[in-house]
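What follows is the content of work_19.tsv (TSV, C-alpha atoms).
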```tsv
chain	number	residue	atom	x	y	z
A	1	MET	CA	-21.35	9.82	-0.55
A	2	LYS	CA	-18.31	10.22	-2.79
A	3	LEU	CA	-15.93	12.99	-1.78
A	4	SER	CA	-14.03	15.11	-4.30
A	5	HIS	CA	-11.21	13.27	-6.00
A	6	ASN	CA	-8.92	16.16	-4.97
A	7	THR	CA	-9.37	15.41	-1.26
A	8	VAL	CA	-6.82	12.66	-0.83
A	9	VAL	CA	-4.62	11.95	2.18
A	10	THR	CA	-2.12	9.29	3.12
A	11	ALA	CA	-0.03	10.05	6.21
A	12	ILE	CA	3.57	8.91	6.06
A	13	THR	CA	5.58	8.15	9.20
A	14	VAL	CA	9.25	7.36	8.75
A	15	ALA	CA	11.88	6.05	11.16
A	16	LEU	CA	15.31	5.28	9.66
A	17	VAL	CA	17.10	2.61	11.63
A	18	CYS	CA	20.87	2.92	11.34
A	19	GLY	CA	23.19	-0.04	11.51
A	20	GLY	CA	20.55	-2.75	11.13
A	21	ALA	CA	19.39	-4.90	8.24
A	22	TRP	CA	15.87	-3.48	8.32
A	23	ALA	CA	16.40	0.09	7.15
A	24	SER	CA	13.05	1.73	7.75
A	25	ASP	CA	9.40	1.48	8.47
A	26	LEU	CA	7.16	3.59	6.26
A	27	THR	CA	3.45	3.64	7.06
A	28	LEU	CA	0.76	4.86	4.64
A	29	LEU	CA	-2.63	5.57	6.16
A	30	VAL	CA	-5.87	5.27	4.18
A	31	ASP	CA	-8.67	7.41	5.62
A	32	PRO	CA	-12.16	7.55	4.07
A	33	MET	CA	-12.70	11.18	4.97
A	34	PHE	CA	-10.13	12.07	2.33
A	35	GLY	CA	-11.53	10.06	-0.55
A	36	SER	CA	-14.13	7.30	-0.48
A	37	THR	CA	-16.85	5.94	-2.69
A	38	GLU	CA	-19.31	5.41	0.15
A	39	ASN	CA	-17.79	7.29	3.12
A	40	THR	CA	-18.53	4.42	5.50
A	41	GLY	CA	-15.67	5.15	7.91
A	42	ALA	CA	-13.60	2.09	6.94
A	43	SER	CA	-9.83	2.67	7.08
A	44	ALA	CA	-6.51	0.86	6.82
A	45	SER	CA	-2.75	1.26	7.11
A	46	VAL	CA	-0.01	-0.16	4.90
A	47	SER	CA	3.50	-0.37	6.41
A	48	LEU	CA	6.59	-1.05	4.29
A	49	SER	CA	9.92	-2.41	5.56
A	50	PHE	CA	13.03	-3.27	3.59
A	51	LEU	CA	15.66	-5.99	3.91
A	52	ASP	CA	18.87	-6.22	1.89
A	53	ARG	CA	19.80	-9.86	1.35
A	54	GLY	CA	22.31	-9.40	-1.43
A	55	LYS	CA	20.62	-10.83	-4.51
A	56	SER	CA	17.36	-11.41	-2.65
A	57	ASP	CA	16.12	-8.01	-1.52
A	58	VAL	CA	12.80	-8.23	0.31
A	59	LEU	CA	9.91	-5.84	0.85
A	60	ALA	CA	7.70	-6.68	3.83
A	61	ILE	CA	4.21	-5.15	3.79
A	62	THR	CA	2.01	-5.14	6.87
A	63	ILE	CA	-1.64	-4.50	6.00
A	64	GLU	CA	-3.82	-3.53	8.96
A	65	ASN	CA	-7.55	-2.94	9.08
A	66	THR	CA	-7.86	0.18	11.24
A	67	THR	CA	-11.62	0.55	10.85
A	68	PRO	CA	-13.22	1.44	14.22
A	69	PRO	CA	-14.75	-1.72	15.77
A	70	GLU	CA	-18.11	-0.01	16.13
A	71	ILE	CA	-18.24	0.35	12.33
A	72	GLY	CA	-16.75	-2.99	11.35
A	73	ALA	CA	-15.36	-3.98	7.94
A	74	ALA	CA	-13.39	-6.67	6.15
A	75	LEU	CA	-10.28	-5.41	4.35
A	76	THR	CA	-10.13	-7.46	1.15
A	77	ALA	CA	-7.59	-5.75	-1.13
A	78	ILE	CA	-4.93	-3.06	-1.36
A	79	GLY	CA	-3.77	-1.41	-4.60
A	80	LEU	CA	-0.30	0.14	-4.51
A	81	GLU	CA	1.95	2.07	-6.87
A	82	LEU	CA	5.67	1.42	-6.37
A	83	PRO	CA	8.91	3.33	-7.06
A	84	GLU	CA	10.86	2.47	-10.18
A	85	ALA	CA	13.58	0.93	-8.03
A	86	PHE	CA	11.09	-1.86	-7.21
A	87	ASP	CA	10.12	-2.45	-10.85
A	88	PHE	CA	11.10	-6.11	-10.98
A	89	TYR	CA	9.27	-9.40	-11.30
A	90	LEU	CA	7.58	-9.05	-7.94
A	91	LYS	CA	6.40	-12.25	-6.33
A	92	PHE	CA	5.88	-13.61	-2.86
A	93	ALA	CA	9.06	-14.54	-1.04
A	94	PRO	CA	9.12	-18.16	0.19
A	95	GLY	CA	6.47	-18.37	2.89
A	96	GLY	CA	5.68	-14.70	2.30
A	97	SER	CA	1.96	-14.86	1.52
A	98	GLY	CA	-0.62	-14.23	4.22
A	99	ASN	CA	-3.49	-16.39	5.36
A	100	TYR	CA	-5.84	-14.18	3.35
A	101	PHE	CA	-3.57	-12.01	1.20
A	102	ASP	CA	-2.16	-14.71	-1.05
A	103	THR	CA	-2.72	-13.25	-4.53
A	104	LEU	CA	-0.81	-10.58	-6.47
A	105	LEU	CA	-2.37	-8.81	-9.45
A	106	TYR	CA	-0.48	-6.47	-11.78
A	107	ASN	CA	-1.40	-3.18	-13.49
A	108	GLU	CA	-4.96	-3.53	-12.23
A	109	ARG	CA	-7.77	-1.10	-13.11
A	110	PHE	CA	-11.32	-1.00	-11.78
A	111	SER	CA	-14.32	1.30	-11.47
A	112	PRO	CA	-15.03	4.06	-10.70
A	113	GLY	CA	-12.27	5.53	-12.84
A	114	TRP	CA	-11.37	8.38	-10.49
A	115	LEU	CA	-9.89	5.83	-8.08
A	116	ASN	CA	-7.34	4.49	-10.56
A	117	ALA	CA	-3.65	5.13	-10.94
A	118	PRO	CA	-2.96	6.50	-14.46
A	119	ASP	CA	-1.98	3.12	-15.93
A	120	GLY	CA	-3.46	0.86	-13.31
A	121	TYR	CA	-1.99	0.03	-9.91
A	122	ASP	CA	1.43	-1.63	-10.09
A	123	ILE	CA	0.27	-4.35	-7.71
A	124	VAL	CA	-2.98	-5.31	-6.06
A	125	ILE	CA	-2.68	-7.52	-2.99
A	126	SER	CA	-5.82	-9.56	-2.56
A	127	GLY	CA	-7.32	-12.86	-1.54
A	128	ASP	CA	-8.63	-13.68	-5.02
A	129	ASP	CA	-8.27	-12.65	-8.65
A	130	SER	CA	-9.97	-9.27	-8.40
A	131	PHE	CA	-9.54	-5.98	-6.55
A	132	LEU	CA	-13.30	-5.83	-6.12
A	133	GLY	CA	-13.21	-9.28	-4.55
A	134	GLN	CA	-15.57	-12.21	-4.60
A	135	GLY	CA	-15.89	-12.71	-0.85
A	136	PRO	CA	-14.56	-11.36	2.46
A	137	ARG	CA	-14.37	-14.62	4.36
A	138	GLY	CA	-11.04	-14.79	6.22
A	139	ALA	CA	-10.09	-11.18	5.41
A	140	PRO	CA	-8.65	-9.03	8.24
A	141	MET	CA	-11.48	-7.50	10.23
A	142	ALA	CA	-11.29	-4.29	12.30
A	143	GLY	CA	-8.14	-4.36	14.41
A	144	GLU	CA	-6.58	-7.30	12.54
A	145	SER	CA	-3.53	-7.35	10.27
A	146	GLU	CA	-1.41	-9.55	8.02
A	147	THR	CA	2.19	-9.23	6.90
A	148	ILE	CA	3.37	-10.42	3.50
A	149	SER	CA	6.89	-10.49	2.04
A	150	LEU	CA	7.70	-9.76	-1.59
A	151	TYR	CA	10.88	-10.78	-3.39
A	152	LEU	CA	12.37	-7.74	-5.17
A	153	GLY	CA	15.25	-9.58	-6.82
A	154	ASP	CA	18.70	-7.99	-6.96
A	155	THR	CA	17.95	-4.27	-7.02
A	156	GLY	CA	21.59	-3.32	-6.48
A	157	LEU	CA	20.45	-1.06	-3.63
A	158	SER	CA	21.00	-1.27	0.09
A	159	ALA	CA	18.04	-1.47	2.43
A	160	SER	CA	18.58	2.20	3.28
A	161	ASP	CA	18.57	3.16	-0.40
A	162	LEU	CA	15.39	1.18	-0.99
A	163	ALA	CA	13.77	3.03	1.90
A	164	ARG	CA	14.95	6.38	0.59
A	165	SER	CA	13.65	5.68	-2.89
A	166	ALA	CA	10.24	4.91	-1.38
A	167	ILE	CA	10.31	8.10	0.70
A	168	ASP	CA	11.19	10.18	-2.35
A	169	PHE	CA	8.53	8.53	-4.49
A	170	TYR	CA	5.64	8.92	-2.06
A	171	MET	CA	6.67	12.50	-1.30
A	172	THR	CA	6.87	13.62	-4.93
A	173	ASP	CA	4.40	11.50	-6.90
A	174	ARG	CA	0.97	13.13	-6.74
A	175	ASP	CA	-0.92	10.56	-8.76
A	176	ASN	CA	-3.09	7.97	-7.05
A	177	PHE	CA	-0.75	5.47	-5.44
A	178	LEU	CA	-2.81	3.74	-2.78
A	179	VAL	CA	-6.34	2.40	-2.53
A	180	GLY	CA	-8.13	0.03	-0.19
A	181	ARG	CA	-11.14	-2.21	-0.78
A	182	PHE	CA	-13.55	-3.02	2.06
A	183	GLN	CA	-16.46	-5.43	2.21
A	184	ARG	CA	-18.96	-6.43	4.87
A	185	VAL	CA	-18.98	-2.87	6.24
A	186	GLY	CA	-21.39	-1.78	8.96
A	187	ARG	CA	-23.18	-3.48	11.81
A	188	ASN	CA	-25.11	-5.72	9.47
A	189	GLY	CA	-22.29	-6.07	6.96
A	190	GLU	CA	-24.45	-4.78	4.13
A	191	ASP	CA	-22.08	-2.08	2.80
A	192	SER	CA	-18.78	-1.94	0.91
A	193	ASP	CA	-16.31	0.85	0.22
A	194	LYS	CA	-13.22	1.86	-1.76
A	195	VAL	CA	-10.84	4.41	-0.18
A	196	ARG	CA	-7.92	6.27	-1.71
A	197	GLY	CA	-4.61	7.60	-0.38
A	198	GLY	CA	-2.24	10.47	-1.05
A	199	VAL	CA	0.45	12.58	0.64
A	200	PRO	CA	-0.51	15.35	3.11
A	201	GLU	CA	1.74	18.40	3.47
A	202	PRO	CA	2.42	17.76	7.20
A	203	ALA	CA	4.30	14.61	6.20
A	204	THR	CA	7.05	16.78	4.70
A	205	GLY	CA	8.37	17.83	8.09
A	206	LEU	CA	8.38	14.25	9.37
A	207	LEU	CA	10.38	13.07	6.40
A	208	LEU	CA	12.93	15.86	6.62
A	209	LEU	CA	13.69	14.83	10.19
A	210	ALA	CA	14.94	11.51	8.83
A	211	GLY	CA	17.76	13.33	6.99
A	212	SER	CA	18.61	13.80	3.34
A	213	TRP	CA	18.17	11.00	0.83
A	214	ALA	CA	19.27	10.18	-2.67
A	215	LEU	CA	16.88	11.20	-5.41
A	216	PHE	CA	15.73	8.56	-7.86
A	217	GLY	CA	14.18	9.03	-11.30
A	218	ARG	CA	10.42	8.94	-11.46
A	219	ARG	CA	10.04	7.51	-14.94
A	220	ARG	CA	7.07	5.19	-14.57
A	221	THR	CA	7.35	1.71	-16.06
A	222	ARG	CA	4.94	-1.15	-15.78
A	223	LEU	CA	5.46	-4.29	-13.78
A	224	LEU	CA	5.59	-7.53	-15.71
A	225	ARG	CA	3.56	-10.54	-14.68
A	226	PRO	CA	5.95	-13.27	-13.48
```

Turn this file's structure into structure tokens for me.
Amino acid sequence: MKLSHNTVVTAITVALVCGGAWASDLTLLVDPMFGSTENTGASASVSLSFLDRGKSDVLAITIENTTPPEIGAALTAIGLELPEAFDFYLKFAPGGSGNYFDTLLYNERFSPGWLNAPDGYDIVISGDDSFLGQGPRGAPMAGESETISLYLGDTGLSASDLARSAIDFYMTDRDNFLVGRFQRVGRNGEDSDKVRGGVPEPATGLLLLAGSWALFGRRRTRLLRP
């Protein structure tokens, strides 16, 4: 059953770490009850961390399959919109690809259309050349996760500023910015699902506790294929 495209939720939890290289952890939660093509119960989380290495800024993304074990699912792709501050020639950092998540796609669109970001998702992180996927073998199953690292280039921003730009973007941008693709769902693995994300109002209070942050422009530009 497809839920209304207006019922979208992604919970954001933020913890700013002062004085360290890693400035923050920002976790986006994908929950099928807030937007799903099949409403199977499959779910995931996407956690972002930032590292300032001078001219080699890095974004680490931990992708976890949080589907309840009694449901079961393979998490095969994540589509993600990114703040303008990250609008560089994104690519895997050396050794930064996962065992399964080893492919980056850019400005990706897919069906059904109500799942899409306005101009396609900035990046899709997958194990093959499609968000829809050709096979779930090796993909994170319920309770499993992978971490990848992306090279952002020289953004000119500190790790804290990168984190704050992400916080501002996900708090203010109301377009689709997160989607997950699941295969081999259910006890017999016969189902699949696509689940969206968004920003719930309760996240506002959590973010304000982290303190004030610099505001960044929200002019959307497209990522270029490296």

From the options A:Val179, A:Leu51, A:Leu59, A:Ala74, which residue's atoms come nearest to Gly135 (chain A), counting only C-alpha atoms?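 Among the listed residues, A:Ala74 lies closest to Gly135 (chain A).
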
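As for CA of Phe182 (chain A) and CA of Glu108 (chain A), they are spaced 16.7 Å apart.
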
Please determine the residues with any atom at most 10 Å from (19.6, -8.4, -3.8) (coordinates as given in the file, with all atoms listed in the file counting) and report them as an MDAnalysis selection string. chainID A and resid 51:58 151:159

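For the atom pair formed by CA of Pro112 (chain A) and CA of Ile125 (chain A), the distance is 18.6 Å, given to one decimal.
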
Distance of CA of Phe101 (chain A) from CA of Ile63 (chain A), expressed in Å to one decimal place: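 If I compute the distance from CA of Ile63 (chain A) to CA of Phe101 (chain A), I get 9.1 Å.
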
May I have the residues within 10 Å of Gln183 (chain A) as an MDAnalysis selection string, using all atoms listed in the file and disregarding those fewer than 4 positions away in the same chain? chainID A and resid 42 72:77 132:137 139 141 189:194

Would you write out those residues with C-alpha atoms, as a short mmCIF file (atom, residue, chain, number, x, y, z; two decimals), in the frame of the given file?
```cif
data_model
loop_
_atom_site.label_atom_id
_atom_site.label_comp_id
_atom_site.auth_asym_id
_atom_site.auth_seq_id
_atom_site.Cartn_x
_atom_site.Cartn_y
_atom_site.Cartn_z
CA ALA A 42 -13.60 2.09 6.94
CA GLY A 72 -16.75 -2.99 11.35
CA ALA A 73 -15.36 -3.98 7.94
CA ALA A 74 -13.39 -6.67 6.15
CA LEU A 75 -10.28 -5.41 4.35
CA THR A 76 -10.13 -7.46 1.15
CA ALA A 77 -7.59 -5.75 -1.13
CA LEU A 132 -13.30 -5.83 -6.12
CA GLY A 133 -13.21 -9.28 -4.55
CA GLN A 134 -15.57 -12.21 -4.60
CA GLY A 135 -15.89 -12.71 -0.85
CA PRO A 136 -14.56 -11.36 2.46
CA ARG A 137 -14.37 -14.62 4.36
CA ALA A 139 -10.09 -11.18 5.41
CA MET A 141 -11.48 -7.50 10.23
CA GLY A 189 -22.29 -6.07 6.96
CA GLU A 190 -24.45 -4.78 4.13
CA ASP A 191 -22.08 -2.08 2.80
CA SER A 192 -18.78 -1.94 0.91
CA ASP A 193 -16.31 0.85 0.22
CA LYS A 194 -13.22 1.86 -1.76
#
```

Kindly indicate which residue among A:Leu162, A:Ala44, A:Leu178, A:Val30 lies nearest to Asn116 (chain A), using only C-alpha atoms for the distances.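 Answer, going by the shortest atom-to-atom distance: A:Leu178.
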